[in-house]
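Trainee: One file is attached below, my_file37.cif, containing mmCIF, C-alpha atoms.
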```
data_entry
#
loop_
_atom_site.group_PDB
_atom_site.id
_atom_site.type_symbol
_atom_site.label_atom_id
_atom_site.label_comp_id
_atom_site.auth_asym_id
_atom_site.auth_seq_id
_atom_site.Cartn_x
_atom_site.Cartn_y
_atom_site.Cartn_z
ATOM 1 C CA MET A 1 -284.191 -57.984 -45.971
ATOM 2 C CA SER A 2 -286.877 -60.618 -46.577
ATOM 3 C CA ALA A 3 -286.712 -64.252 -45.533
ATOM 4 C CA LEU A 4 -284.973 -66.870 -47.682
ATOM 5 C CA TYR A 5 -286.604 -70.144 -48.747
ATOM 6 C CA PRO A 6 -284.995 -73.338 -50.093
ATOM 7 C CA SER A 7 -287.786 -73.703 -52.672
ATOM 8 C CA LEU A 8 -290.865 -72.012 -54.093
ATOM 9 C CA GLU A 9 -292.988 -74.610 -52.322
ATOM 10 C CA ASP A 10 -291.541 -73.520 -48.973
ATOM 11 C CA LEU A 11 -292.349 -69.891 -49.793
ATOM 12 C CA LYS A 12 -295.972 -70.657 -50.745
ATOM 13 C CA VAL A 13 -296.646 -72.806 -47.685
ATOM 14 C CA ASP A 14 -295.081 -70.211 -45.405
ATOM 15 C CA GLN A 15 -297.332 -67.546 -46.903
ATOM 16 C CA VAL A 16 -300.366 -69.674 -45.986
ATOM 17 C CA ILE A 17 -298.994 -70.170 -42.463
ATOM 18 C CA GLN A 18 -298.275 -66.466 -41.991
ATOM 19 C CA ALA A 19 -301.668 -65.445 -43.385
ATOM 20 C CA GLN A 20 -303.509 -67.723 -40.980
ATOM 21 C CA ALA A 21 -301.303 -66.641 -38.084
ATOM 22 C CA ARG A 22 -302.310 -63.031 -38.774
ATOM 23 C CA THR A 23 -306.042 -63.779 -39.006
ATOM 24 C CA SER A 24 -306.332 -66.259 -36.140
ATOM 25 C CA PRO A 25 -306.258 -63.657 -33.311
ATOM 26 C CA ARG A 26 -309.263 -61.895 -34.897
ATOM 27 C CA MET A 27 -311.431 -65.035 -35.010
ATOM 28 C CA PRO A 28 -314.159 -65.105 -32.318
ATOM 29 C CA THR A 29 -313.589 -67.499 -29.455
ATOM 30 C CA LEU A 30 -316.221 -70.222 -29.217
ATOM 31 C CA PRO A 31 -317.836 -70.869 -25.852
ATOM 32 C CA ILE A 32 -316.291 -73.897 -24.181
ATOM 33 C CA GLN A 33 -319.591 -75.799 -24.019
ATOM 34 C CA GLU A 34 -320.111 -75.452 -27.796
ATOM 35 C CA ALA A 35 -316.578 -76.444 -28.677
ATOM 36 C CA ALA A 36 -316.478 -79.461 -26.388
ATOM 37 C CA GLY A 37 -317.961 -81.852 -28.933
ATOM 38 C CA SER A 38 -316.265 -80.354 -31.972
ATOM 39 C CA PRO A 39 -313.569 -82.240 -33.862
ATOM 40 C CA PRO A 40 -309.961 -81.080 -33.278
ATOM 41 C CA ALA A 41 -309.124 -77.993 -35.312
ATOM 42 C CA VAL A 42 -306.744 -78.348 -38.250
ATOM 43 C CA LEU A 43 -304.046 -75.738 -37.916
ATOM 44 C CA TYR A 44 -303.691 -74.917 -41.617
ATOM 45 C CA PRO A 45 -306.963 -75.736 -43.436
ATOM 46 C CA ASN A 46 -305.888 -74.056 -46.697
ATOM 47 C CA LEU A 47 -303.058 -76.494 -47.398
ATOM 48 C CA ALA A 48 -305.398 -78.709 -49.441
ATOM 49 C CA GLU A 49 -305.691 -75.915 -51.996
ATOM 50 C CA LEU A 50 -301.915 -75.538 -52.049
ATOM 51 C CA GLU A 51 -301.513 -79.275 -52.532
ATOM 52 C CA ASN A 52 -303.788 -79.251 -55.570
ATOM 53 C CA TYR A 53 -301.880 -76.292 -56.999
ATOM 54 C CA MET A 54 -298.401 -77.764 -56.703
ATOM 55 C CA GLY A 55 -299.092 -81.494 -56.871
ATOM 56 C CA LEU A 56 -297.429 -82.100 -53.514
ATOM 57 C CA SER A 57 -298.302 -84.758 -50.979
ATOM 58 C CA LEU A 58 -298.684 -82.347 -48.088
ATOM 59 C CA SER A 59 -300.711 -82.692 -44.926
ATOM 60 C CA SER A 60 -301.098 -80.414 -41.930
ATOM 61 C CA GLN A 61 -299.270 -82.952 -39.774
ATOM 62 C CA GLU A 62 -296.292 -83.104 -42.155
ATOM 63 C CA VAL A 63 -296.001 -79.346 -42.262
ATOM 64 C CA GLN A 64 -296.343 -79.017 -38.489
ATOM 65 C CA GLN A 65 -293.392 -81.389 -38.053
ATOM 66 C CA SER A 66 -291.249 -78.798 -39.841
ATOM 67 C CA LEU A 67 -292.634 -75.788 -38.006
ATOM 68 C CA PRO A 68 -289.549 -75.325 -35.782
ATOM 69 C CA GLN A 69 -287.941 -73.994 -38.978
ATOM 70 C CA THR A 70 -290.606 -71.273 -39.196
ATOM 71 C CA ALA A 71 -291.105 -68.235 -36.991
ATOM 72 C CA VAL A 72 -294.913 -67.859 -36.830
ATOM 73 C CA SER A 73 -294.604 -64.244 -35.734
ATOM 74 C CA GLY A 74 -292.680 -63.539 -38.929
ATOM 75 C CA PRO A 75 -289.219 -64.617 -40.115
ATOM 76 C CA TRP A 76 -286.085 -62.715 -39.211
ATOM 77 C CA PRO A 77 -284.311 -60.906 -42.031
ATOM 78 C CA GLY A 78 -282.244 -63.407 -43.994
ATOM 79 C CA GLN A 79 -283.586 -66.381 -42.046
ATOM 80 C CA LEU A 80 -283.951 -69.656 -43.975
ATOM 81 C CA VAL A 81 -287.609 -70.648 -43.674
ATOM 82 C CA ALA A 82 -288.474 -74.218 -44.684
ATOM 83 C CA PRO A 83 -291.945 -75.413 -43.645
ATOM 84 C CA VAL A 84 -291.937 -78.067 -46.399
ATOM 85 C CA SER A 85 -288.240 -78.929 -46.737
ATOM 86 C CA GLY A 86 -287.730 -78.846 -42.972
ATOM 87 C CA ASN A 87 -284.311 -79.609 -41.538
ATOM 88 C CA ASN A 88 -283.425 -81.664 -44.604
ATOM 89 C CA LEU A 89 -280.096 -83.475 -44.468
ATOM 90 C CA GLY A 90 -279.547 -83.339 -48.222
ATOM 91 C CA LEU A 91 -280.134 -79.589 -48.205
ATOM 92 C CA ARG A 92 -277.453 -79.170 -45.549
ATOM 93 C CA ARG A 93 -275.011 -81.464 -47.360
ATOM 94 C CA ALA A 94 -275.433 -79.532 -50.604
ATOM 95 C CA GLU A 95 -274.936 -76.083 -49.100
ATOM 96 C CA ILE A 96 -272.438 -73.877 -50.903
ATOM 97 C CA LYS A 97 -271.050 -71.773 -48.078
ATOM 98 C CA PRO A 98 -270.032 -68.156 -48.672
ATOM 99 C CA GLY A 99 -266.597 -66.872 -47.791
ATOM 100 C CA VAL A 100 -263.300 -68.723 -47.688
ATOM 101 C CA ARG A 101 -261.902 -71.417 -45.397
ATOM 102 C CA GLU A 102 -258.588 -73.036 -44.601
ATOM 103 C CA ILE A 103 -257.943 -76.771 -44.828
ATOM 104 C CA HIS A 104 -254.922 -78.907 -43.941
ATOM 105 C CA LEU A 105 -254.077 -81.659 -46.388
ATOM 106 C CA CYS A 106 -251.481 -84.430 -46.268
ATOM 107 C CA LYS A 107 -250.214 -87.101 -48.657
ATOM 108 C CA ASP A 108 -250.828 -90.829 -48.495
ATOM 109 C CA GLU A 109 -248.179 -93.549 -48.303
ATOM 110 C CA ARG A 110 -247.578 -93.195 -52.058
ATOM 111 C CA GLY A 111 -247.044 -89.455 -51.759
ATOM 112 C CA LYS A 112 -250.397 -88.653 -53.390
ATOM 113 C CA THR A 113 -253.172 -86.265 -52.325
ATOM 114 C CA GLY A 114 -255.898 -87.741 -54.552
ATOM 115 C CA LEU A 115 -256.456 -84.335 -56.115
ATOM 116 C CA ARG A 116 -256.387 -83.029 -59.674
ATOM 117 C CA LEU A 117 -256.559 -79.313 -60.398
ATOM 118 C CA ARG A 118 -257.528 -77.252 -63.433
ATOM 119 C CA ALA A 119 -256.725 -73.626 -64.299
ATOM 120 C CA ILE A 120 -259.692 -71.612 -65.624
ATOM 121 C CA ASP A 121 -259.874 -67.835 -66.191
ATOM 122 C CA LYS A 122 -256.726 -67.218 -64.105
ATOM 123 C CA GLY A 123 -258.190 -69.210 -61.198
ATOM 124 C CA LEU A 124 -257.390 -72.705 -59.918
ATOM 125 C CA PHE A 125 -260.147 -75.258 -59.390
ATOM 126 C CA VAL A 126 -260.629 -78.822 -58.185
ATOM 127 C CA GLN A 127 -261.107 -81.039 -61.235
ATOM 128 C CA LEU A 128 -261.129 -84.465 -59.565
ATOM 129 C CA VAL A 129 -261.278 -85.780 -56.002
ATOM 130 C CA GLN A 130 -260.455 -89.468 -55.820
ATOM 131 C CA ALA A 131 -262.301 -91.686 -53.375
ATOM 132 C CA ASN A 132 -260.657 -92.665 -50.077
ATOM 133 C CA THR A 133 -257.779 -90.215 -50.397
ATOM 134 C CA PRO A 134 -256.548 -87.314 -48.236
ATOM 135 C CA ALA A 135 -258.395 -84.859 -50.527
ATOM 136 C CA SER A 136 -261.731 -86.629 -49.996
ATOM 137 C CA LEU A 137 -261.183 -86.939 -46.247
ATOM 138 C CA VAL A 138 -260.809 -83.161 -45.790
ATOM 139 C CA GLY A 139 -263.999 -82.519 -47.764
ATOM 140 C CA LEU A 140 -262.670 -81.074 -51.016
ATOM 141 C CA ARG A 141 -265.269 -81.190 -53.793
ATOM 142 C CA PHE A 142 -265.408 -80.855 -57.547
ATOM 143 C CA GLY A 143 -265.395 -77.171 -58.503
ATOM 144 C CA ASP A 144 -263.878 -75.783 -55.282
ATOM 145 C CA GLN A 145 -261.554 -72.872 -55.992
ATOM 146 C CA ILE A 146 -258.025 -73.011 -54.568
ATOM 147 C CA LEU A 147 -256.947 -69.511 -53.548
ATOM 148 C CA GLN A 148 -253.662 -70.340 -51.786
ATOM 149 C CA ILE A 149 -251.341 -73.291 -51.340
ATOM 150 C CA ASP A 150 -248.923 -73.013 -48.420
ATOM 151 C CA GLY A 151 -249.328 -69.240 -48.321
ATOM 152 C CA ARG A 152 -248.761 -68.715 -52.045
ATOM 153 C CA ASP A 153 -251.508 -67.073 -54.106
ATOM 154 C CA CYS A 154 -252.659 -69.349 -56.929
ATOM 155 C CA ALA A 155 -254.155 -66.670 -59.190
ATOM 156 C CA GLY A 156 -252.652 -66.909 -62.670
ATOM 157 C CA TRP A 157 -251.079 -70.335 -62.145
ATOM 158 C CA SER A 158 -251.213 -72.873 -64.938
ATOM 159 C CA THR A 159 -252.502 -76.387 -64.297
ATOM 160 C CA ASP A 160 -248.968 -77.760 -64.648
ATOM 161 C CA LYS A 161 -247.527 -75.288 -62.152
ATOM 162 C CA ALA A 162 -250.223 -76.158 -59.605
ATOM 163 C CA HIS A 163 -249.423 -79.861 -59.862
ATOM 164 C CA ARG A 164 -245.679 -79.158 -59.575
ATOM 165 C CA VAL A 165 -246.264 -77.175 -56.375
ATOM 166 C CA LEU A 166 -248.364 -80.007 -54.918
ATOM 167 C CA LYS A 167 -245.728 -82.576 -55.858
ATOM 168 C CA LYS A 168 -242.997 -80.606 -54.037
ATOM 169 C CA ALA A 169 -245.150 -79.797 -50.990
ATOM 170 C CA SER A 170 -244.653 -81.401 -47.588
ATOM 171 C CA GLU A 171 -246.070 -84.884 -47.133
ATOM 172 C CA GLU A 172 -247.246 -84.106 -43.589
ATOM 173 C CA LYS A 173 -249.084 -80.818 -44.068
ATOM 174 C CA ILE A 174 -250.286 -78.757 -47.017
ATOM 175 C CA VAL A 175 -252.276 -75.639 -46.100
ATOM 176 C CA MET A 176 -254.904 -74.546 -48.612
ATOM 177 C CA VAL A 177 -257.354 -71.651 -48.649
ATOM 178 C CA ILE A 178 -260.581 -72.644 -50.418
ATOM 179 C CA ARG A 179 -263.719 -70.998 -51.782
ATOM 180 C CA ASP A 180 -266.694 -73.333 -52.142
ATOM 181 C CA ARG A 181 -267.660 -74.080 -55.783
ATOM 182 C CA PRO A 182 -268.136 -70.558 -57.191
ATOM 183 C CA PHE A 183 -269.374 -71.777 -60.605
ATOM 184 C CA GLN A 184 -272.121 -73.947 -59.124
ATOM 185 C CA ARG A 185 -275.524 -73.328 -57.549
ATOM 186 C CA THR A 186 -278.149 -75.443 -55.820
ATOM 187 C CA VAL A 187 -281.820 -75.952 -56.708
ATOM 188 C CA THR A 188 -284.149 -77.536 -54.146
ATOM 189 C CA MET A 189 -287.236 -79.326 -55.462
ATOM 190 C CA HIS A 190 -290.045 -81.518 -54.144
ATOM 191 C CA LYS A 191 -291.370 -84.762 -55.571
ATOM 192 C CA ASP A 192 -295.010 -84.810 -56.586
ATOM 193 C CA SER A 193 -297.520 -87.468 -55.559
ATOM 194 C CA VAL A 194 -296.030 -89.957 -58.056
ATOM 195 C CA GLY A 195 -292.419 -89.280 -57.056
ATOM 196 C CA HIS A 196 -291.364 -86.981 -59.908
ATOM 197 C CA VAL A 197 -289.630 -83.603 -59.767
ATOM 198 C CA GLY A 198 -289.872 -82.939 -63.491
ATOM 199 C CA PHE A 199 -286.637 -83.011 -65.478
ATOM 200 C CA PHE A 200 -284.692 -85.301 -67.816
ATOM 201 C CA VAL A 201 -280.949 -85.821 -68.167
ATOM 202 C CA LYS A 202 -278.745 -87.191 -70.910
ATOM 203 C CA LYS A 203 -275.157 -88.083 -70.065
ATOM 204 C CA GLY A 204 -275.510 -86.112 -66.828
ATOM 205 C CA LYS A 205 -276.793 -82.937 -68.497
ATOM 206 C CA VAL A 206 -280.293 -81.520 -67.965
ATOM 207 C CA VAL A 207 -281.910 -81.612 -71.408
ATOM 208 C CA SER A 208 -285.553 -80.814 -70.622
ATOM 209 C CA VAL A 209 -287.752 -79.564 -67.788
ATOM 210 C CA VAL A 210 -291.427 -80.490 -67.429
ATOM 211 C CA LYS A 211 -293.826 -77.559 -67.499
ATOM 212 C CA GLY A 212 -295.594 -77.028 -64.157
ATOM 213 C CA SER A 213 -293.205 -79.309 -62.274
ATOM 214 C CA SER A 214 -291.235 -78.508 -59.142
ATOM 215 C CA ALA A 215 -288.090 -78.361 -61.292
ATOM 216 C CA ALA A 216 -289.703 -75.701 -63.491
ATOM 217 C CA ARG A 217 -291.099 -73.718 -60.566
ATOM 218 C CA ASN A 218 -287.725 -73.577 -58.845
ATOM 219 C CA GLY A 219 -285.727 -72.477 -61.866
ATOM 220 C CA LEU A 220 -283.834 -75.604 -62.928
ATOM 221 C CA LEU A 221 -282.163 -74.821 -66.255
ATOM 222 C CA THR A 222 -281.291 -76.941 -69.247
ATOM 223 C CA SER A 223 -277.711 -77.016 -70.588
ATOM 224 C CA HIS A 224 -276.482 -77.545 -67.024
ATOM 225 C CA TYR A 225 -274.765 -80.650 -65.674
ATOM 226 C CA VAL A 226 -275.810 -82.269 -62.416
ATOM 227 C CA CYS A 227 -272.802 -82.344 -60.091
ATOM 228 C CA GLU A 228 -274.493 -83.527 -56.887
ATOM 229 C CA VAL A 229 -277.776 -84.940 -55.617
ATOM 230 C CA ASN A 230 -278.377 -83.962 -51.984
ATOM 231 C CA GLY A 231 -274.650 -83.324 -51.650
ATOM 232 C CA GLN A 232 -273.554 -86.659 -53.153
ATOM 233 C CA ASN A 233 -271.259 -86.306 -56.159
ATOM 234 C CA VAL A 234 -272.731 -87.957 -59.283
ATOM 235 C CA ILE A 235 -270.237 -86.750 -61.894
ATOM 236 C CA GLY A 236 -269.263 -89.543 -64.261
ATOM 237 C CA LEU A 237 -272.122 -91.836 -63.277
ATOM 238 C CA LYS A 238 -274.368 -93.347 -65.927
ATOM 239 C CA ASP A 239 -277.816 -91.787 -66.268
ATOM 240 C CA LYS A 240 -279.422 -94.974 -64.911
ATOM 241 C CA ALA A 241 -277.337 -94.751 -61.723
ATOM 242 C CA LEU A 242 -278.177 -91.060 -61.380
ATOM 243 C CA MET A 243 -281.899 -91.758 -61.682
ATOM 244 C CA GLU A 244 -281.642 -94.539 -59.090
ATOM 245 C CA ILE A 245 -280.045 -92.091 -56.654
ATOM 246 C CA LEU A 246 -282.838 -89.601 -57.333
ATOM 247 C CA ALA A 247 -285.489 -92.278 -56.806
ATOM 248 C CA THR A 248 -284.116 -93.237 -53.384
ATOM 249 C CA SER A 249 -283.281 -89.733 -52.145
ATOM 250 C CA GLY A 250 -286.520 -88.891 -50.352
ATOM 251 C CA ASP A 251 -289.167 -86.314 -51.210
ATOM 252 C CA VAL A 252 -286.877 -83.268 -51.028
ATOM 253 C CA ILE A 253 -284.211 -83.157 -53.742
ATOM 254 C CA THR A 254 -281.397 -80.600 -53.858
ATOM 255 C CA LEU A 255 -279.386 -80.617 -57.068
ATOM 256 C CA THR A 256 -276.027 -78.916 -57.455
ATOM 257 C CA ILE A 257 -275.665 -77.819 -61.074
ATOM 258 C CA ILE A 258 -273.055 -76.116 -63.231
ATOM 259 C CA PRO A 259 -273.327 -74.491 -66.702
ATOM 260 C CA ALA A 260 -272.412 -76.963 -69.441
ATOM 261 C CA VAL A 261 -269.785 -74.694 -71.019
ATOM 262 C CA ILE A 262 -267.882 -74.440 -67.721
ATOM 263 C CA TYR A 263 -268.264 -78.120 -66.841
ATOM 264 C CA GLU A 264 -266.994 -79.290 -70.211
ATOM 265 C CA HIS A 265 -263.952 -77.033 -69.853
ATOM 266 C CA MET A 266 -263.285 -78.285 -66.317
ATOM 267 C CA VAL A 267 -263.341 -81.980 -67.230
ATOM 268 C CA LYS A 268 -261.399 -81.499 -70.464
ATOM 269 C CA LYS A 269 -258.709 -84.187 -70.915
ATOM 270 C CA LEU A 270 -260.322 -86.399 -68.243
ATOM 271 C CA SER A 271 -261.615 -89.674 -69.621
ATOM 272 C CA PRO A 272 -265.196 -90.739 -68.734
ATOM 273 C CA THR A 273 -263.755 -93.947 -67.283
ATOM 274 C CA LEU A 274 -261.548 -91.975 -64.893
ATOM 275 C CA LEU A 275 -264.502 -89.862 -63.762
ATOM 276 C CA HIS A 276 -266.719 -92.893 -63.285
ATOM 277 C CA HIS A 277 -264.277 -95.142 -61.452
ATOM 278 C CA THR A 278 -262.057 -92.786 -59.441
ATOM 279 C CA MET A 279 -264.259 -89.766 -58.553
ATOM 280 C CA ASP A 280 -265.399 -89.739 -54.940
ATOM 281 C CA HIS A 281 -269.129 -90.589 -55.057
ATOM 282 C CA SER A 282 -269.531 -91.138 -51.317
ATOM 283 C CA ILE A 283 -272.235 -89.385 -49.296
ATOM 284 C CA PRO A 284 -270.594 -86.488 -47.422
ATOM 285 C CA ASP A 285 -271.124 -85.569 -43.806
ATOM 286 C CA ALA A 286 -273.647 -82.795 -43.220
#
```
Transcribe the structure of this file into structure tokens.
Mentor:
Amino acid sequence: MSALYPSLEDLKVDQVIQAQARTSPRMPTLPIQEAAGSPPAVLYPNLAELENYMGLSLSSQEVQQSLPQTAVSGPWPGQLVAPVSGNNLGLRRAEIKPGVREIHLCKDERGKTGLRLRAIDKGLFVQLVQANTPASLVGLRFGDQILQIDGRDCAGWSTDKAHRVLKKASEEKIVMVIRDRPFQRTVTMHKDSVGHVGFFVKKGKVVSVVKGSSAARNGLLTSHYVCEVNGQNVIGLKDKALMEILATSGDVITLTIIPAVIYEHMVKKLSPTLLHHTMDHSIPDA
């Protein structure tokens, strides 16, 4: 199994690093007296060519700061190698983990969980997580699939049945088994020298991708809605607010996206005002 990379830029830079690591042992060693007055060697002299190719603001020093993420002798199978993205916090926050997990949920003083569910294709999914509620505190996110509630399989339940079960559940402890956002995927991109990643949105939906941009290179698709930016939920926000978040989110941007046809079905019967004002838009813990 080959190594995994958060972005195409990480793959290309790692290829340069690995190529130089393989050739360096075969380079002749200079006598000490000749090398004494030489300027310090740059570890990866070919990065300038890579920078011109991808429009990135890279330098050897910046890449070397991320080198703990890279095994110079060659990555382990399945290892995430990120010489450009590094140990990026937004990348970690946006991660869609495989497998299933158990969470324990309670109700607030009004008997509410802050959670709305939606039945799709015989499955049960999180439609809305309200801010500052028990659901937000346990880390539930838009699009998570609910597999069980208090030991009962949810497959085939209607939306109404799911809400009835939640209403009758204990106020102190509700046990849920969750699968992280199966309809969504993440795309990691890098801003160019003028701070652009190369896509446009309209009402939260990606409507165009700039040719030759990081967005294009990393496979961002149109007709997809942006759910998160670096793990922060942006559903229901105005496009201006979304672009402000992108502008202040650093040079590495990880978007969580969902196909438009699925998104529009999931938010059906939810008013834009409800999404904008009650959805949890806080920055999650890594």
Trainee: Using the chain letters and numbers from the file, give me the residues hit by the PyMOL selection byres ((chain A and resi 281) around 12), as an mmCIF file with C-alpha atoms, in the coordinates of the input.
Mentor:
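Printed below is out.cif as written:
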```cif
data_model
loop_
_atom_site.group_PDB
_atom_site.id
_atom_site.type_symbol
_atom_site.label_atom_id
_atom_site.label_comp_id
_atom_site.auth_asym_id
_atom_site.auth_seq_id
_atom_site.Cartn_x
_atom_site.Cartn_y
_atom_site.Cartn_z
ATOM 1 C CA LEU A 128 -261.129 -84.465 -59.565
ATOM 2 C CA VAL A 129 -261.278 -85.780 -56.002
ATOM 3 C CA GLN A 130 -260.455 -89.468 -55.820
ATOM 4 C CA ALA A 131 -262.301 -91.686 -53.375
ATOM 5 C CA ASN A 132 -260.657 -92.665 -50.077
ATOM 6 C CA SER A 136 -261.731 -86.629 -49.996
ATOM 7 C CA ARG A 141 -265.269 -81.190 -53.793
ATOM 8 C CA PHE A 142 -265.408 -80.855 -57.547
ATOM 9 C CA CYS A 227 -272.802 -82.344 -60.091
ATOM 10 C CA GLU A 228 -274.493 -83.527 -56.887
ATOM 11 C CA VAL A 229 -277.776 -84.940 -55.617
ATOM 12 C CA ASN A 230 -278.377 -83.962 -51.984
ATOM 13 C CA GLY A 231 -274.650 -83.324 -51.650
ATOM 14 C CA GLN A 232 -273.554 -86.659 -53.153
ATOM 15 C CA ASN A 233 -271.259 -86.306 -56.159
ATOM 16 C CA VAL A 234 -272.731 -87.957 -59.283
ATOM 17 C CA ILE A 235 -270.237 -86.750 -61.894
ATOM 18 C CA GLY A 236 -269.263 -89.543 -64.261
ATOM 19 C CA LEU A 237 -272.122 -91.836 -63.277
ATOM 20 C CA ALA A 241 -277.337 -94.751 -61.723
ATOM 21 C CA LEU A 242 -278.177 -91.060 -61.380
ATOM 22 C CA ILE A 245 -280.045 -92.091 -56.654
ATOM 23 C CA LEU A 275 -264.502 -89.862 -63.762
ATOM 24 C CA HIS A 276 -266.719 -92.893 -63.285
ATOM 25 C CA HIS A 277 -264.277 -95.142 -61.452
ATOM 26 C CA THR A 278 -262.057 -92.786 -59.441
ATOM 27 C CA MET A 279 -264.259 -89.766 -58.553
ATOM 28 C CA ASP A 280 -265.399 -89.739 -54.940
ATOM 29 C CA SER A 282 -269.531 -91.138 -51.317
ATOM 30 C CA ILE A 283 -272.235 -89.385 -49.296
ATOM 31 C CA PRO A 284 -270.594 -86.488 -47.422
#
```
Trainee: Looking at A:Ala169, A:Met176, A:Leu89, A:Ala215, which one is nearest to Gln145 of chain A, with distances taken over all atoms listed in the file?
Mentor: A:Met176
Trainee: Fewer than 5 positions away in the same chain doesn't count, so skip those; otherwise give me all residues within 9 Å of Val206 of chain A, counting all atoms listed in the file, as a VMD selection string.
Mentor: chain A and resid 199 to 201 220 to 226
Trainee: From the set A:Gly111, A:Pro6, A:Gly219, A:Gly143, which residue has the shortest atom-to-atom contact distance to Arg92 of chain A, counting all atoms listed in the file?
Mentor: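 Comparing A:Gly111, A:Pro6, A:Gly219, A:Gly143 against Arg92 of chain A, the winner is A:Pro6.
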Trainee: For Met266 of chain A, which of A:Arg217, A:Lys240, A:Lys107, A:Arg116 is the closest residue, counting only C-alpha atoms?
Mentor: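 Of the candidates, the smallest distance to Met266 of chain A is held by A:Arg116.
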Trainee: Any chance you could work out the residue set of the PyMOL selection byres ((chain A and resi 265) around 12) here, as a list in words?
Mentor: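 Against this file, the PyMOL selection byres ((chain A and resi 265) around 12) returns the residues Arg118, Ala119, Ile120, Asp121, Phe125, Gln127, Gly143, Phe183, Ile258, Pro259, Ala260, Val261, Ile262, Tyr263, Glu264, Met266, Val267, Lys268, Lys269 and Leu270 of chain A.
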Trainee: Go ahead and save the residues from that selection, with C-alpha atoms, as a compact mmCIF listing (two decimals), keeping the file's coordinate frame.
Mentor:
```txt
# COMPACT_ATOMS: atom_id res chain seq x y z
CA ARG A 118 -257.53 -77.25 -63.43
CA ALA A 119 -256.73 -73.63 -64.30
CA ILE A 120 -259.69 -71.61 -65.62
CA ASP A 121 -259.87 -67.83 -66.19
CA PHE A 125 -260.15 -75.26 -59.39
CA GLN A 127 -261.11 -81.04 -61.24
CA GLY A 143 -265.40 -77.17 -58.50
CA PHE A 183 -269.37 -71.78 -60.60
CA ILE A 258 -273.06 -76.12 -63.23
CA PRO A 259 -273.33 -74.49 -66.70
CA ALA A 260 -272.41 -76.96 -69.44
CA VAL A 261 -269.79 -74.69 -71.02
CA ILE A 262 -267.88 -74.44 -67.72
CA TYR A 263 -268.26 -78.12 -66.84
CA GLU A 264 -266.99 -79.29 -70.21
CA MET A 266 -263.29 -78.28 -66.32
CA VAL A 267 -263.34 -81.98 -67.23
CA LYS A 268 -261.40 -81.50 -70.46
CA LYS A 269 -258.71 -84.19 -70.92
CA LEU A 270 -260.32 -86.40 -68.24
```
Trainee: Would you compute the distance between atom CA of Val81 of chain A and atom CA of Leu4 of chain A? Give it in Å to one decimal.
Mentor: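 Taking atom CA of Val81 of chain A and atom CA of Leu4 of chain A, their separation equals 6.1 Å.
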Trainee: At what distance in Å, to one decimal, does atom CA of Val177 of chain A lie from atom CA of His104 of chain A?
Mentor: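 Calculated distance between atom CA of His104 of chain A and atom CA of Val177 of chain A is 9.0 Å.
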Trainee: Report the distance between atom CA of Leu166 of chain A and atom CA of Pro272 of chain A in Å, rounded to one decimal place.
Mentor: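 Going from atom CA of Leu166 of chain A over to atom CA of Pro272 of chain A, I get 24.3 Å.
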Trainee: Which residues come within 8 Å of Ser213 of chain A, counting all atoms listed in the file, excluding same-chain residues fewer than 2 positions away, as a compact mmCIF listing (two decimals) with C-alpha atoms, keeping the file's coordinate frame?
Mentor:
```txt
# COMPACT_ATOMS: atom_id res chain seq x y z
CA MET A 54 -298.40 -77.76 -56.70
CA VAL A 197 -289.63 -83.60 -59.77
CA GLY A 198 -289.87 -82.94 -63.49
CA VAL A 209 -287.75 -79.56 -67.79
CA VAL A 210 -291.43 -80.49 -67.43
CA LYS A 211 -293.83 -77.56 -67.50
CA ALA A 215 -288.09 -78.36 -61.29
CA ALA A 216 -289.70 -75.70 -63.49
CA ARG A 217 -291.10 -73.72 -60.57
```
Trainee: Please list as a ChimeraX atom specification every residue within 9 Å of Pro98 of chain A, counting all atoms listed in the file and excluding residues in the same chain fewer than 2 positions away.
Mentor: /A:96,100,179-180
Trainee: Rank A:Gly156, A:Gly151, A:Gly195, A:Gly204 by their smallest atom-to-atom distance to Ile103 of chain A, using all atoms listed in the file, and report the top residue only.
Mentor: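 Closest residue, counting all atoms listed in the file: A:Gly151.
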Trainee: Between A:Lys203, A:Lys173, A:Arg185, A:His196, which has the minimum distance to Ser249 of chain A (counting all atoms listed in the file)?
Mentor: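 Ranking A:Lys203, A:Lys173, A:Arg185, A:His196 by distance to Ser249 of chain A, first place goes to A:His196.
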Trainee: Selected by the PyMOL selection byres ((chain A and resi 252) around 12) in the shown coordinates: which residues, as a PyMOL selection string?
Mentor: chain A and resi 6-7+9-10+56-57+82-92+187-192+195-197+214-215+229-230+246-251+253-255
